[in-house]
Every structure is written in C-alpha cells, then in structure tokens.
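Listing of data_3.pdb, PDB, C-alpha atoms and all ligand atoms
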MODEL        1
ATOM      1  CA  MET A   1     -22.913 -14.900 -35.084  1.00  0.00           C
ATOM      2  CA  ALA A   2     -23.565 -18.611 -35.580  1.00  0.00           C
ATOM      3  CA  HIS A   3     -23.186 -19.614 -31.954  1.00  0.00           C
ATOM      4  CA  PHE A   4     -21.817 -17.660 -29.038  1.00  0.00           C
ATOM      5  CA  GLN A   5     -19.870 -18.843 -26.037  1.00  0.00           C
ATOM      6  CA  ILE A   6     -19.488 -17.262 -22.618  1.00  0.00           C
ATOM      7  CA  ALA A   7     -16.517 -18.355 -20.491  1.00  0.00           C
ATOM      8  CA  ILE A   8     -16.514 -17.785 -16.728  1.00  0.00           C
ATOM      9  CA  ASP A   9     -13.342 -18.696 -14.851  1.00  0.00           C
ATOM     10  CA  GLY A  10     -12.142 -18.159 -11.323  1.00  0.00           C
ATOM     11  CA  PRO A  11     -11.174 -19.911  -8.094  1.00  0.00           C
ATOM     12  CA  SER A  12     -13.564 -21.999  -6.017  1.00  0.00           C
ATOM     13  CA  GLY A  13     -16.242 -20.036  -4.227  1.00  0.00           C
ATOM     14  CA  SER A  14     -15.875 -16.952  -6.409  1.00  0.00           C
ATOM     15  CA  GLY A  15     -19.510 -17.332  -7.526  1.00  0.00           C
ATOM     16  CA  LYS A  16     -18.979 -18.822 -10.988  1.00  0.00           C
ATOM     17  CA  SER A  17     -21.664 -21.485 -10.925  1.00  0.00           C
ATOM     18  CA  THR A  18     -24.326 -19.222  -9.420  1.00  0.00           C
ATOM     19  CA  LEU A  19     -23.542 -16.600 -12.039  1.00  0.00           C
ATOM     20  CA  ALA A  20     -23.357 -19.054 -14.937  1.00  0.00           C
ATOM     21  CA  ARG A  21     -26.667 -20.610 -13.957  1.00  0.00           C
ATOM     22  CA  SER A  22     -28.437 -17.247 -13.841  1.00  0.00           C
ATOM     23  CA  VAL A  23     -26.860 -16.042 -17.096  1.00  0.00           C
ATOM     24  CA  ALA A  24     -28.038 -19.246 -18.775  1.00  0.00           C
ATOM     25  CA  ARG A  25     -31.542 -18.638 -17.465  1.00  0.00           C
ATOM     26  CA  GLU A  26     -31.486 -14.972 -18.482  1.00  0.00           C
ATOM     27  CA  LEU A  27     -30.339 -15.678 -22.046  1.00  0.00           C
ATOM     28  CA  GLY A  28     -32.047 -19.038 -22.477  1.00  0.00           C
ATOM     29  CA  ILE A  29     -28.800 -20.870 -23.220  1.00  0.00           C
ATOM     30  CA  LEU A  30     -27.116 -24.037 -21.934  1.00  0.00           C
ATOM     31  CA  TYR A  31     -24.925 -23.999 -18.815  1.00  0.00           C
ATOM     32  CA  LEU A  32     -22.109 -26.549 -18.601  1.00  0.00           C
ATOM     33  CA  ASP A  33     -20.469 -26.899 -15.177  1.00  0.00           C
ATOM     34  CA  THR A  34     -17.036 -28.316 -16.066  1.00  0.00           C
ATOM     35  CA  GLY A  35     -15.923 -28.718 -12.439  1.00  0.00           C
ATOM     36  CA  ALA A  36     -18.619 -31.381 -12.068  1.00  0.00           C
ATOM     37  CA  MET A  37     -16.794 -33.491 -14.647  1.00  0.00           C
ATOM     38  CA  TYR A  38     -13.514 -33.454 -12.683  1.00  0.00           C
ATOM     39  CA  ARG A  39     -15.528 -34.181  -9.549  1.00  0.00           C
ATOM     40  CA  ALA A  40     -17.009 -37.271 -11.243  1.00  0.00           C
ATOM     41  CA  CYS A  41     -13.509 -38.527 -12.100  1.00  0.00           C
ATOM     42  CA  ALA A  42     -12.450 -37.927  -8.497  1.00  0.00           C
ATOM     43  CA  LEU A  43     -15.490 -39.778  -7.157  1.00  0.00           C
ATOM     44  CA  LYS A  44     -14.706 -42.736  -9.383  1.00  0.00           C
ATOM     45  CA  ALA A  45     -11.116 -42.803  -8.083  1.00  0.00           C
ATOM     46  CA  ILE A  46     -12.266 -42.583  -4.448  1.00  0.00           C
ATOM     47  CA  ARG A  47     -14.776 -45.393  -4.954  1.00  0.00           C
ATOM     48  CA  SER A  48     -12.203 -47.527  -6.755  1.00  0.00           C
ATOM     49  CA  GLY A  49      -9.543 -46.940  -4.111  1.00  0.00           C
ATOM     50  CA  VAL A  50      -7.185 -45.418  -6.683  1.00  0.00           C
ATOM     51  CA  SER A  51      -4.935 -42.515  -5.643  1.00  0.00           C
ATOM     52  CA  THR A  52      -5.894 -39.327  -7.484  1.00  0.00           C
ATOM     53  CA  LYS A  53      -2.175 -38.622  -7.919  1.00  0.00           C
ATOM     54  CA  ASP A  54      -1.272 -41.982  -9.483  1.00  0.00           C
ATOM     55  CA  GLU A  55      -1.336 -41.151 -13.192  1.00  0.00           C
ATOM     56  CA  PRO A  56      -0.895 -44.663 -14.673  1.00  0.00           C
ATOM     57  CA  GLU A  57      -3.670 -46.073 -12.451  1.00  0.00           C
ATOM     58  CA  ILE A  58      -5.935 -43.120 -13.245  1.00  0.00           C
ATOM     59  CA  VAL A  59      -5.373 -43.576 -16.985  1.00  0.00           C
ATOM     60  CA  GLU A  60      -6.430 -47.199 -16.617  1.00  0.00           C
ATOM     61  CA  MET A  61      -9.477 -46.140 -14.615  1.00  0.00           C
ATOM     62  CA  LEU A  62     -10.459 -43.525 -17.246  1.00  0.00           C
ATOM     63  CA  ALA A  63     -10.367 -46.134 -19.988  1.00  0.00           C
ATOM     64  CA  LYS A  64     -12.883 -48.242 -18.075  1.00  0.00           C
ATOM     65  CA  MET A  65     -15.202 -45.563 -16.776  1.00  0.00           C
ATOM     66  CA  ARG A  66     -18.164 -44.101 -18.588  1.00  0.00           C
ATOM     67  CA  LEU A  67     -19.093 -40.478 -18.024  1.00  0.00           C
ATOM     68  CA  ASP A  68     -22.230 -38.950 -19.508  1.00  0.00           C
ATOM     69  CA  ILE A  69     -23.357 -35.372 -19.127  1.00  0.00           C
ATOM     70  CA  VAL A  70     -27.062 -35.043 -19.747  1.00  0.00           C
ATOM     71  CA  PHE A  71     -29.379 -32.071 -19.507  1.00  0.00           C
ATOM     72  CA  VAL A  72     -32.815 -32.521 -17.978  1.00  0.00           C
ATOM     73  CA  GLU A  73     -34.932 -29.434 -18.642  1.00  0.00           C
ATOM     74  CA  GLY A  74     -31.728 -27.454 -18.979  1.00  0.00           C
ATOM     75  CA  SER A  75     -30.293 -28.740 -15.730  1.00  0.00           C
ATOM     76  CA  GLN A  76     -27.068 -30.755 -15.853  1.00  0.00           C
ATOM     77  CA  ARG A  77     -26.950 -34.296 -14.501  1.00  0.00           C
ATOM     78  CA  VAL A  78     -23.718 -36.232 -14.168  1.00  0.00           C
ATOM     79  CA  ILE A  79     -23.996 -39.935 -14.930  1.00  0.00           C
ATOM     80  CA  LEU A  80     -21.086 -42.124 -13.907  1.00  0.00           C
ATOM     81  CA  ASP A  81     -21.136 -45.726 -15.148  1.00  0.00           C
ATOM     82  CA  GLY A  82     -24.887 -45.417 -15.560  1.00  0.00           C
ATOM     83  CA  GLU A  83     -25.518 -43.982 -12.065  1.00  0.00           C
ATOM     84  CA  ASP A  84     -26.668 -40.412 -11.445  1.00  0.00           C
ATOM     85  CA  VAL A  85     -23.961 -38.976  -9.143  1.00  0.00           C
ATOM     86  CA  THR A  86     -24.974 -35.309  -9.414  1.00  0.00           C
ATOM     87  CA  GLU A  87     -25.432 -35.050  -5.642  1.00  0.00           C
ATOM     88  CA  ASP A  88     -22.611 -37.389  -4.584  1.00  0.00           C
ATOM     89  CA  ILE A  89     -19.921 -35.335  -6.332  1.00  0.00           C
ATOM     90  CA  ARG A  90     -20.668 -32.434  -3.931  1.00  0.00           C
ATOM     91  CA  LYS A  91     -19.791 -34.427  -0.822  1.00  0.00           C
ATOM     92  CA  PRO A  92     -16.834 -33.387   1.374  1.00  0.00           C
ATOM     93  CA  GLY A  93     -13.580 -34.908   0.233  1.00  0.00           C
ATOM     94  CA  VAL A  94     -14.496 -34.820  -3.445  1.00  0.00           C
ATOM     95  CA  SER A  95     -13.417 -31.164  -3.897  1.00  0.00           C
ATOM     96  CA  VAL A  96      -9.778 -31.661  -2.991  1.00  0.00           C
ATOM     97  CA  ALA A  97      -9.655 -34.990  -4.854  1.00  0.00           C
ATOM     98  CA  ALA A  98     -11.079 -33.219  -7.929  1.00  0.00           C
ATOM     99  CA  SER A  99      -8.367 -30.598  -7.720  1.00  0.00           C
ATOM    100  CA  ASP A 100      -5.708 -33.353  -7.466  1.00  0.00           C
ATOM    101  CA  ILE A 101      -7.053 -35.417 -10.350  1.00  0.00           C
ATOM    102  CA  SER A 102      -7.599 -32.381 -12.577  1.00  0.00           C
ATOM    103  CA  ALA A 103      -3.862 -31.694 -12.521  1.00  0.00           C
ATOM    104  CA  LEU A 104      -3.283 -34.872 -14.569  1.00  0.00           C
ATOM    105  CA  ARG A 105      -2.948 -34.169 -18.273  1.00  0.00           C
ATOM    106  CA  PRO A 106      -4.772 -37.303 -19.560  1.00  0.00           C
ATOM    107  CA  VAL A 107      -7.747 -36.436 -17.337  1.00  0.00           C
ATOM    108  CA  ARG A 108      -7.858 -32.868 -18.634  1.00  0.00           C
ATOM    109  CA  GLU A 109      -7.532 -33.970 -22.246  1.00  0.00           C
ATOM    110  CA  ALA A 110     -10.460 -36.362 -21.921  1.00  0.00           C
ATOM    111  CA  MET A 111     -12.678 -33.812 -20.133  1.00  0.00           C
ATOM    112  CA  VAL A 112     -11.767 -30.909 -22.426  1.00  0.00           C
ATOM    113  CA  SER A 113     -12.612 -32.916 -25.505  1.00  0.00           C
ATOM    114  CA  MET A 114     -16.105 -33.630 -24.068  1.00  0.00           C
ATOM    115  CA  GLN A 115     -16.503 -29.963 -23.113  1.00  0.00           C
ATOM    116  CA  ARG A 116     -15.603 -28.721 -26.602  1.00  0.00           C
ATOM    117  CA  GLU A 117     -17.986 -31.224 -28.139  1.00  0.00           C
ATOM    118  CA  ILE A 118     -20.887 -29.983 -25.987  1.00  0.00           C
ATOM    119  CA  ALA A 119     -19.977 -26.296 -26.430  1.00  0.00           C
ATOM    120  CA  GLY A 120     -19.525 -26.521 -30.187  1.00  0.00           C
ATOM    121  CA  LYS A 121     -23.141 -27.302 -30.952  1.00  0.00           C
ATOM    122  CA  ARG A 122     -25.100 -24.448 -29.340  1.00  0.00           C
ATOM    123  CA  ASN A 123     -25.028 -21.191 -27.410  1.00  0.00           C
ATOM    124  CA  VAL A 124     -23.417 -21.921 -24.070  1.00  0.00           C
ATOM    125  CA  VAL A 125     -21.968 -20.606 -20.874  1.00  0.00           C
ATOM    126  CA  LEU A 126     -19.205 -22.715 -19.330  1.00  0.00           C
ATOM    127  CA  ASP A 127     -17.585 -22.191 -15.956  1.00  0.00           C
ATOM    128  CA  GLY A 128     -14.284 -23.604 -14.742  1.00  0.00           C
ATOM    129  CA  ARG A 129     -10.618 -22.718 -14.433  1.00  0.00           C
ATOM    130  CA  ASP A 130      -9.294 -22.904 -17.994  1.00  0.00           C
ATOM    131  CA  ILE A 131     -12.342 -22.109 -20.122  1.00  0.00           C
ATOM    132  CA  GLY A 132     -11.198 -18.776 -21.544  1.00  0.00           C
ATOM    133  CA  SER A 133      -7.542 -19.773 -21.692  1.00  0.00           C
ATOM    134  CA  TYR A 134      -7.712 -23.312 -23.021  1.00  0.00           C
ATOM    135  CA  VAL A 135     -11.107 -24.919 -23.578  1.00  0.00           C
ATOM    136  CA  LEU A 136     -12.694 -22.078 -25.559  1.00  0.00           C
ATOM    137  CA  PRO A 137      -9.918 -19.564 -26.298  1.00  0.00           C
ATOM    138  CA  ASN A 138     -12.103 -17.937 -28.957  1.00  0.00           C
ATOM    139  CA  ALA A 139     -15.140 -17.471 -26.700  1.00  0.00           C
ATOM    140  CA  GLU A 140     -16.853 -14.171 -27.509  1.00  0.00           C
ATOM    141  CA  TYR A 141     -17.237 -13.217 -23.855  1.00  0.00           C
ATOM    142  CA  LYS A 142     -14.787 -14.010 -21.092  1.00  0.00           C
ATOM    143  CA  PHE A 143     -15.174 -13.242 -17.412  1.00  0.00           C
ATOM    144  CA  PHE A 144     -12.846 -13.875 -14.508  1.00  0.00           C
ATOM    145  CA  LEU A 145     -14.375 -13.882 -11.048  1.00  0.00           C
ATOM    146  CA  THR A 146     -12.414 -13.255  -7.865  1.00  0.00           C
ATOM    147  CA  ALA A 147     -13.261 -12.919  -4.169  1.00  0.00           C
ATOM    148  CA  ASP A 148     -11.330 -12.917  -0.892  1.00  0.00           C
ATOM    149  CA  PRO A 149     -10.509 -16.446   0.335  1.00  0.00           C
ATOM    150  CA  GLU A 150     -12.327 -15.852   3.643  1.00  0.00           C
ATOM    151  CA  GLU A 151     -15.517 -14.836   1.862  1.00  0.00           C
ATOM    152  CA  ARG A 152     -15.220 -17.846  -0.449  1.00  0.00           C
ATOM    153  CA  ALA A 153     -14.810 -20.152   2.571  1.00  0.00           C
ATOM    154  CA  ARG A 154     -17.869 -18.578   4.201  1.00  0.00           C
ATOM    155  CA  ARG A 155     -19.931 -19.212   1.045  1.00  0.00           C
ATOM    156  CA  ARG A 156     -18.744 -22.802   0.771  1.00  0.00           C
ATOM    157  CA  LEU A 157     -19.604 -23.466   4.413  1.00  0.00           C
ATOM    158  CA  GLU A 158     -23.066 -22.056   3.804  1.00  0.00           C
ATOM    159  CA  GLU A 159     -23.524 -24.162   0.657  1.00  0.00           C
ATOM    160  CA  MET A 160     -22.496 -27.319   2.534  1.00  0.00           C
ATOM    161  CA  ALA A 161     -24.878 -26.483   5.397  1.00  0.00           C
ATOM    162  CA  ILE A 162     -27.721 -26.221   2.864  1.00  0.00           C
ATOM    163  CA  ARG A 163     -26.770 -29.709   1.720  1.00  0.00           C
ATOM    164  CA  GLY A 164     -27.003 -30.908   5.317  1.00  0.00           C
ATOM    165  CA  VAL A 165     -23.253 -31.074   5.980  1.00  0.00           C
ATOM    166  CA  THR A 166     -22.747 -29.259   9.287  1.00  0.00           C
ATOM    167  CA  ASN A 167     -19.606 -30.866  10.716  1.00  0.00           C
ATOM    168  CA  LEU A 168     -17.085 -28.706   8.818  1.00  0.00           C
ATOM    169  CA  THR A 169     -15.195 -25.859  10.456  1.00  0.00           C
ATOM    170  CA  PHE A 170     -14.481 -22.507   8.815  1.00  0.00           C
ATOM    171  CA  GLU A 171     -10.729 -23.154   9.217  1.00  0.00           C
ATOM    172  CA  SER A 172     -10.831 -26.547   7.465  1.00  0.00           C
ATOM    173  CA  VAL A 173     -12.870 -25.136   4.565  1.00  0.00           C
ATOM    174  CA  LEU A 174     -10.495 -22.170   4.246  1.00  0.00           C
ATOM    175  CA  GLU A 175      -7.540 -24.551   4.239  1.00  0.00           C
ATOM    176  CA  ASP A 176      -9.149 -26.626   1.426  1.00  0.00           C
ATOM    177  CA  ILE A 177      -9.779 -23.455  -0.575  1.00  0.00           C
ATOM    178  CA  LYS A 178      -6.179 -22.283  -0.220  1.00  0.00           C
ATOM    179  CA  TYR A 179      -4.872 -25.744  -1.136  1.00  0.00           C
ATOM    180  CA  ARG A 180      -7.049 -25.800  -4.275  1.00  0.00           C
ATOM    181  CA  ASP A 181      -6.180 -22.190  -5.199  1.00  0.00           C
ATOM    182  CA  HIS A 182      -2.501 -23.045  -5.095  1.00  0.00           C
ATOM    183  CA  GLN A 183      -2.797 -26.360  -6.907  1.00  0.00           C
ATOM    184  CA  ASP A 184      -5.258 -25.179  -9.580  1.00  0.00           C
ATOM    185  CA  SER A 185      -3.145 -22.147 -10.443  1.00  0.00           C
ATOM    186  CA  THR A 186       0.303 -23.746 -10.339  1.00  0.00           C
ATOM    187  CA  ARG A 187      -0.300 -27.038 -12.203  1.00  0.00           C
ATOM    188  CA  SER A 188       1.766 -27.281 -15.354  1.00  0.00           C
ATOM    189  CA  PHE A 189      -1.016 -28.015 -17.849  1.00  0.00           C
ATOM    190  CA  ALA A 190      -3.890 -25.530 -18.397  1.00  0.00           C
ATOM    191  CA  PRO A 191      -3.777 -23.865 -14.967  1.00  0.00           C
ATOM    192  CA  LEU A 192      -6.240 -21.318 -13.635  1.00  0.00           C
ATOM    193  CA  VAL A 193      -5.231 -18.031 -15.256  1.00  0.00           C
ATOM    194  CA  LYS A 194      -6.878 -14.777 -16.106  1.00  0.00           C
ATOM    195  CA  THR A 195      -6.515 -14.096 -19.814  1.00  0.00           C
ATOM    196  CA  ALA A 196      -5.785 -10.567 -21.022  1.00  0.00           C
ATOM    197  CA  ASP A 197      -9.177 -10.352 -22.733  1.00  0.00           C
ATOM    198  CA  ALA A 198     -11.221 -11.427 -19.690  1.00  0.00           C
ATOM    199  CA  ILE A 199     -13.346  -8.956 -17.741  1.00  0.00           C
ATOM    200  CA  VAL A 200     -12.606  -9.232 -14.016  1.00  0.00           C
ATOM    201  CA  ILE A 201     -15.444  -9.090 -11.507  1.00  0.00           C
ATOM    202  CA  ASP A 202     -14.579  -9.035  -7.802  1.00  0.00           C
ATOM    203  CA  THR A 203     -17.607 -10.571  -6.105  1.00  0.00           C
ATOM    204  CA  THR A 204     -16.444 -10.232  -2.471  1.00  0.00           C
ATOM    205  CA  GLN A 205     -18.981  -7.545  -1.618  1.00  0.00           C
ATOM    206  CA  ASN A 206     -21.625  -8.519  -4.183  1.00  0.00           C
ATOM    207  CA  THR A 207     -24.888 -10.345  -3.877  1.00  0.00           C
ATOM    208  CA  PRO A 208     -25.413 -12.882  -6.703  1.00  0.00           C
ATOM    209  CA  GLU A 209     -27.905 -10.454  -8.289  1.00  0.00           C
ATOM    210  CA  GLU A 210     -25.318  -7.669  -8.299  1.00  0.00           C
ATOM    211  CA  THR A 211     -22.769  -9.913  -9.993  1.00  0.00           C
ATOM    212  CA  LEU A 212     -25.346 -10.933 -12.599  1.00  0.00           C
ATOM    213  CA  ARG A 213     -26.210  -7.284 -13.270  1.00  0.00           C
ATOM    214  CA  CYS A 214     -22.532  -6.506 -13.603  1.00  0.00           C
ATOM    215  CA  LEU A 215     -22.065  -9.221 -16.247  1.00  0.00           C
ATOM    216  CA  LEU A 216     -25.206  -8.247 -18.120  1.00  0.00           C
ATOM    217  CA  ALA A 217     -24.038  -4.620 -18.095  1.00  0.00           C
ATOM    218  CA  CYS A 218     -20.828  -5.758 -19.808  1.00  0.00           C
ATOM    219  CA  LEU A 219     -22.912  -7.461 -22.499  1.00  0.00           C
ATOM    220  CA  SER A 220     -25.378  -4.534 -22.462  1.00  0.00           C
ATOM    221  CA  GLY A 221     -25.771  -3.421 -26.067  1.00  0.00           C
ATOM    222  CA  GLU A 222     -25.502  -7.010 -27.226  1.00  0.00           C
ATOM    223  CA  ILE A 223     -28.028  -8.677 -24.961  1.00  0.00           C
ATOM    224  CA  ASN A 224     -30.976  -8.388 -27.289  1.00  0.00           C
ATOM    225  CA  SER A 225     -29.033  -9.692 -30.245  1.00  0.00           C
ATOM    226  CA  LEU A 226     -27.788 -12.592 -28.100  1.00  0.00           C
ATOM    227  CA  ARG A 227     -31.369 -13.456 -27.193  1.00  0.00           C
ATOM    228  CA  GLU A 228     -32.346 -13.237 -30.865  1.00  0.00           C
ATOM    229  CA  THR A 229     -29.407 -15.453 -31.859  1.00  0.00           C
ATOM    230  CA  ASN A 230     -30.597 -17.935 -29.316  1.00  0.00           C
ATOM    231  CA  ASN A 231     -34.191 -17.848 -30.487  1.00  0.00           C
ATOM    232  CA  GLY A 232     -33.042 -18.478 -34.017  1.00  0.00           C
ATOM    233  CA  ALA A 233     -30.630 -21.248 -32.990  1.00  0.00           C
TER     234      ALA A 233
HETATM  235  O1  LIG B   1     -15.502 -25.684  -9.738  1.00  0.00           O
HETATM  236  P1  LIG B   1     -15.378 -26.910  -8.824  1.00  0.00           P
HETATM  237  O2  LIG B   1     -15.070 -26.571  -7.402  1.00  0.00           O
HETATM  238  O3  LIG B   1     -16.534 -27.828  -8.947  1.00  0.00           O
HETATM  239  O4  LIG B   1     -14.093 -27.700  -9.420  1.00  0.00           O
HETATM  240  C1  LIG B   1     -13.517 -28.815  -8.774  1.00  0.00           C
HETATM  241  C2  LIG B   1     -12.059 -28.933  -9.178  1.00  0.00           C
HETATM  242  O5  LIG B   1     -11.980 -29.255 -10.573  1.00  0.00           O
HETATM  243  C3  LIG B   1     -11.224 -27.652  -9.015  1.00  0.00           C
HETATM  244  O6  LIG B   1     -10.534 -27.600  -7.780  1.00  0.00           O
HETATM  245  C4  LIG B   1     -10.269 -27.670 -10.171  1.00  0.00           C
HETATM  246  C5  LIG B   1     -10.892 -28.582 -11.183  1.00  0.00           C
HETATM  247  N1  LIG B   1     -11.354 -27.881 -12.372  1.00  0.00           N
HETATM  248  C6  LIG B   1     -10.435 -27.651 -13.367  1.00  0.00           C
HETATM  249  O7  LIG B   1      -9.273 -27.959 -13.190  1.00  0.00           O
HETATM  250  N2  LIG B   1     -10.821 -27.098 -14.541  1.00  0.00           N
HETATM  251  C7  LIG B   1     -12.093 -26.739 -14.752  1.00  0.00           C
HETATM  252  N3  LIG B   1     -12.432 -26.220 -15.925  1.00  0.00           N
HETATM  253  C8  LIG B   1     -13.059 -26.929 -13.724  1.00  0.00           C
HETATM  254  C9  LIG B   1     -12.658 -27.487 -12.535  1.00  0.00           C
ENDMDL
END
If you convert what's in this file into structure tokens, what do you get?
Amino acid sequence: MAHFQIAIDGPSGSGKSTLARSVARELGILYLDTGAMYRACALKAIRSGVSTKDEPEIVEMLAKMRLDIVFVEGSQRVILDGEDVTEDIRKPGVSVAASDISALRPVREAMVSMQREIAGKRNVVLDGRDIGSYVLPNAEYKFFLTADPEERARRRLEEMAIRGVTNLTFESVLEDIKYRDHQDSTRSFAPLVKTADAIVIDTTQNTPEETLRCLLACLSGEINSLRETNNGA
C-alpha cells in the first residue's frame, strides 16, 4: 500500500474530530479537519458582511480570499488572509454559517480540491460529511459515526463551555444541530451520506476511548502493517 486514507463522516457532535485526532496519534499519521475549512469560509463571509447564501457574492469573496492549512507539530492551524483563525472559527454563529456556505457548489469544489491535494501526499485521516462519498471515494477505511441529537447537543454545549462560552442554552444548541443535520444531508451537491462500504459506529453511549477502541478493532489485523507503512512513508 503506497499511502492509506481513513475517512470518518457523520453529523456534528457525533465524535468525528475527537476520534480522528486520536486515530492520527495512534497511527502516527496526519489528521485533516475539513469542517474547519468551511468554517474559515464562513468566518470570512461574516467578517465581510456577505450573506452565506448569496452565491455570486461568495464566489467573488472566494477569489479574493487566501486560505492556508498548515500543520504545526501535527496540529492543524487555519490561516485566513495571513491571520491564524484556528480559535475564531469555533465561535458561536460560525457553525450554522459554515453549514450554509458549505451547501454552495463553488465553495465545495474549492475546498475539496485542497483536501485531495493534502490527502494525496501521505497517510491521512480526514473527517467531514462527504469524505467517503465524494472527497476520497477510494479511501481504504471508511467510518460513519452517529449519535442521538440530544447527546450531540450535550457534547457541543460542554465543548463550548470549555472554550469559555457559557451563554448558550441546551435548546438553542439542539436547534442548531437539527438545522445543520437537515441542511448538510439534504443539500444537492455532495450531501452527508453513509456509503455502503462504511462501518457505522453509534457513539451515543460511548466514551471517546471506547469509540477509538471500536475503530481500532475494525482495523485490527491491519494495524501493525499500517504503522509500518507509515514508518516507511
Ligand atoms: O464538522 P464541523 O461542525 O466543523 O463542520 C462545519 C460545517 O461544515 C458543517 O455543518 C457542514 C460543513 N462540512 C461539510 O459540508 N463537509 C465537510 N467535509 C465538513 C464540514
């Protein structure tokens, strides 16, 4: 195997990024968080006062903006027009805007081409909505994470509290999650779908460690050879 790719898809709060980060650490490979890229586009639109649903304006904005994804000691940083916005893209309001902007085909085409470029060069794990179905349809390993919306809202609330955001209610977070679920899975171009060859993991009752063990168990016999491939890469 020259390079191998692991695709992890699922709705927001299903545990994709936590899982992808720990898999990357476990196997010593690169983790690309693709949602962060749509978040950066959304942040740019918010800052520029451009509606995330106005396609012609967004196309114009894309042409002028510069997005760089860099890895500092394996950790992804998002650089927008030269500024590190890795923290800013997690602020409230950016999530829903990212879902809106990601429904636009020109935005997806630009982001997917960057994602394929990064993923083509090394062993990687990518998480998102369309990784196994569209970005890397030939990925060797595909996983689809699910979890009850209420549990996903609880996790998101907790994550925001860790970031110091404490003024959100459970109901508003749940509403955002349901809005994004609907929009991300019903958009016409590259929606969130589970492919037939993806392994489904329901994380509702799992700790992050249990979900990681579950994924590693699926790779079981191949783990050592994956590590060797990586060492030789
Ligand atoms: O995973 P996240 O919450 O950071 O993603 C933010 C939004 O970006 C999500 O609501 C849908 C969109 N997204 C996408 O359309 N395709 C991806 N591969 C990743 C994210």
On this structure, the PyMOL selection byres (((not hetatm)) within 6 of (chain B and resi 1)) would catch which residues? List them as a compact mmCIF listing (two decimals) with C-alpha atoms, in the coordinates of the input, sorted by chain and number.
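This went into part.txt:
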# COMPACT_ATOMS: atom_id res chain seq x y z
CA SER A 12 -13.56 -22.00 -6.02
CA THR A 34 -17.04 -28.32 -16.07
CA GLY A 35 -15.92 -28.72 -12.44
CA ALA A 36 -18.62 -31.38 -12.07
CA TYR A 38 -13.51 -33.45 -12.68
CA ARG A 39 -15.53 -34.18 -9.55
CA SER A 95 -13.42 -31.16 -3.90
CA ALA A 98 -11.08 -33.22 -7.93
CA SER A 99 -8.37 -30.60 -7.72
CA SER A 102 -7.60 -32.38 -12.58
CA GLY A 128 -14.28 -23.60 -14.74
CA ARG A 129 -10.62 -22.72 -14.43
CA ASP A 130 -9.29 -22.90 -17.99
CA ILE A 131 -12.34 -22.11 -20.12
CA ARG A 180 -7.05 -25.80 -4.28
CA ASP A 184 -5.26 -25.18 -9.58
(message) For the provided coordinates, the residues matched by the PyMOL selection byres (((chain A and resi 48) around 12) and not hetatm) should be stated as a list of chain:residue names.
(response)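 Expected selection for the PyMOL selection byres (((chain A and resi 48) around 12) and not hetatm) here is A:Cys41, A:Ala42, A:Leu43, A:Lys44, A:Ala45, A:Ile46, A:Arg47, A:Gly49, A:Val50, A:Ser51, A:Thr52, A:Glu57, A:Ile58, A:Glu60, A:Met61, A:Leu62, A:Lys64, A:Met65.
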Step by step, gather every atom of segment 150-166 of chain A that the file lists, find the box along x, y and z that holds them, add 3 Å on each side, and finally give centre and edge lengths in Å to one decimal, as JSON.
{"center_x": -20.0, "center_y": -23.0, "center_z": 4.4, "size_x": 21.4, "size_y": 22.2, "size_z": 15.7}
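The shell of residues at most 10 Å from Asp127 of chain A, with only C-alpha atoms counted and near chain neighbours (fewer than 4 positions) removed, consists of Ile6, Ala7, Ile8, Asp9, Gly10, Gly15, Lys16, Ser17, Thr18, Leu19, Ala20, Arg21, Tyr31, Leu32, Asp33, Thr34, Gly35, Ile131, Gly132, Phe143 and Phe144 of chain A.
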Write a file of the selected residues as an mmCIF file, keeping the file's coordinate frame, keeping C-alpha atoms.
data_model
loop_
_atom_site.group_PDB
_atom_site.id
_atom_site.type_symbol
_atom_site.label_atom_id
_atom_site.label_comp_id
_atom_site.auth_asym_id
_atom_site.auth_seq_id
_atom_site.Cartn_x
_atom_site.Cartn_y
_atom_site.Cartn_z
ATOM 1 C CA ILE A 6 -19.488 -17.262 -22.618
ATOM 2 C CA ALA A 7 -16.517 -18.355 -20.491
ATOM 3 C CA ILE A 8 -16.514 -17.785 -16.728
ATOM 4 C CA ASP A 9 -13.342 -18.696 -14.851
ATOM 5 C CA GLY A 10 -12.142 -18.159 -11.323
ATOM 6 C CA GLY A 15 -19.510 -17.332 -7.526
ATOM 7 C CA LYS A 16 -18.979 -18.822 -10.988
ATOM 8 C CA SER A 17 -21.664 -21.485 -10.925
ATOM 9 C CA THR A 18 -24.326 -19.222 -9.420
ATOM 10 C CA LEU A 19 -23.542 -16.600 -12.039
ATOM 11 C CA ALA A 20 -23.357 -19.054 -14.937
ATOM 12 C CA ARG A 21 -26.667 -20.610 -13.957
ATOM 13 C CA TYR A 31 -24.925 -23.999 -18.815
ATOM 14 C CA LEU A 32 -22.109 -26.549 -18.601
ATOM 15 C CA ASP A 33 -20.469 -26.899 -15.177
ATOM 16 C CA THR A 34 -17.036 -28.316 -16.066
ATOM 17 C CA GLY A 35 -15.923 -28.718 -12.439
ATOM 18 C CA ILE A 131 -12.342 -22.109 -20.122
ATOM 19 C CA GLY A 132 -11.198 -18.776 -21.544
ATOM 20 C CA PHE A 143 -15.174 -13.242 -17.412
ATOM 21 C CA PHE A 144 -12.846 -13.875 -14.508
#
(message) Rounded to one decimal, what separation in Å do you get between atom CA of Leu216 of chain A and atom CA of Ser133 of chain A?
(response)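 Atom-to-atom, atom CA of Leu216 of chain A to atom CA of Ser133 of chain A, that is 21.4 Å.
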(request) Kindly give the distance, in Å, that separates atom CA of Arg108 of chain A and atom CA of Tyr134 of chain A, rounded to a single decimal. (result)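 Answer for the atom CA of Arg108 of chain A to atom CA of Tyr134 of chain A separation: 10.5 Å.
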(request) In Å, rounded to a single decimal, give me how far atom CA of Met37 of chain A is from atom CA of Arg77 of chain A. (result)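 Result for atom CA of Arg77 of chain A versus atom CA of Met37 of chain A: 10.2 Å, one decimal.
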(message) Taking all atoms listed in the file into account, name the residue in A:Ala196, A:Ser188, A:Tyr141, A:Asp88 that is nearest to Leu219 of chain A.
(response)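 Closest candidate: A:Tyr141.
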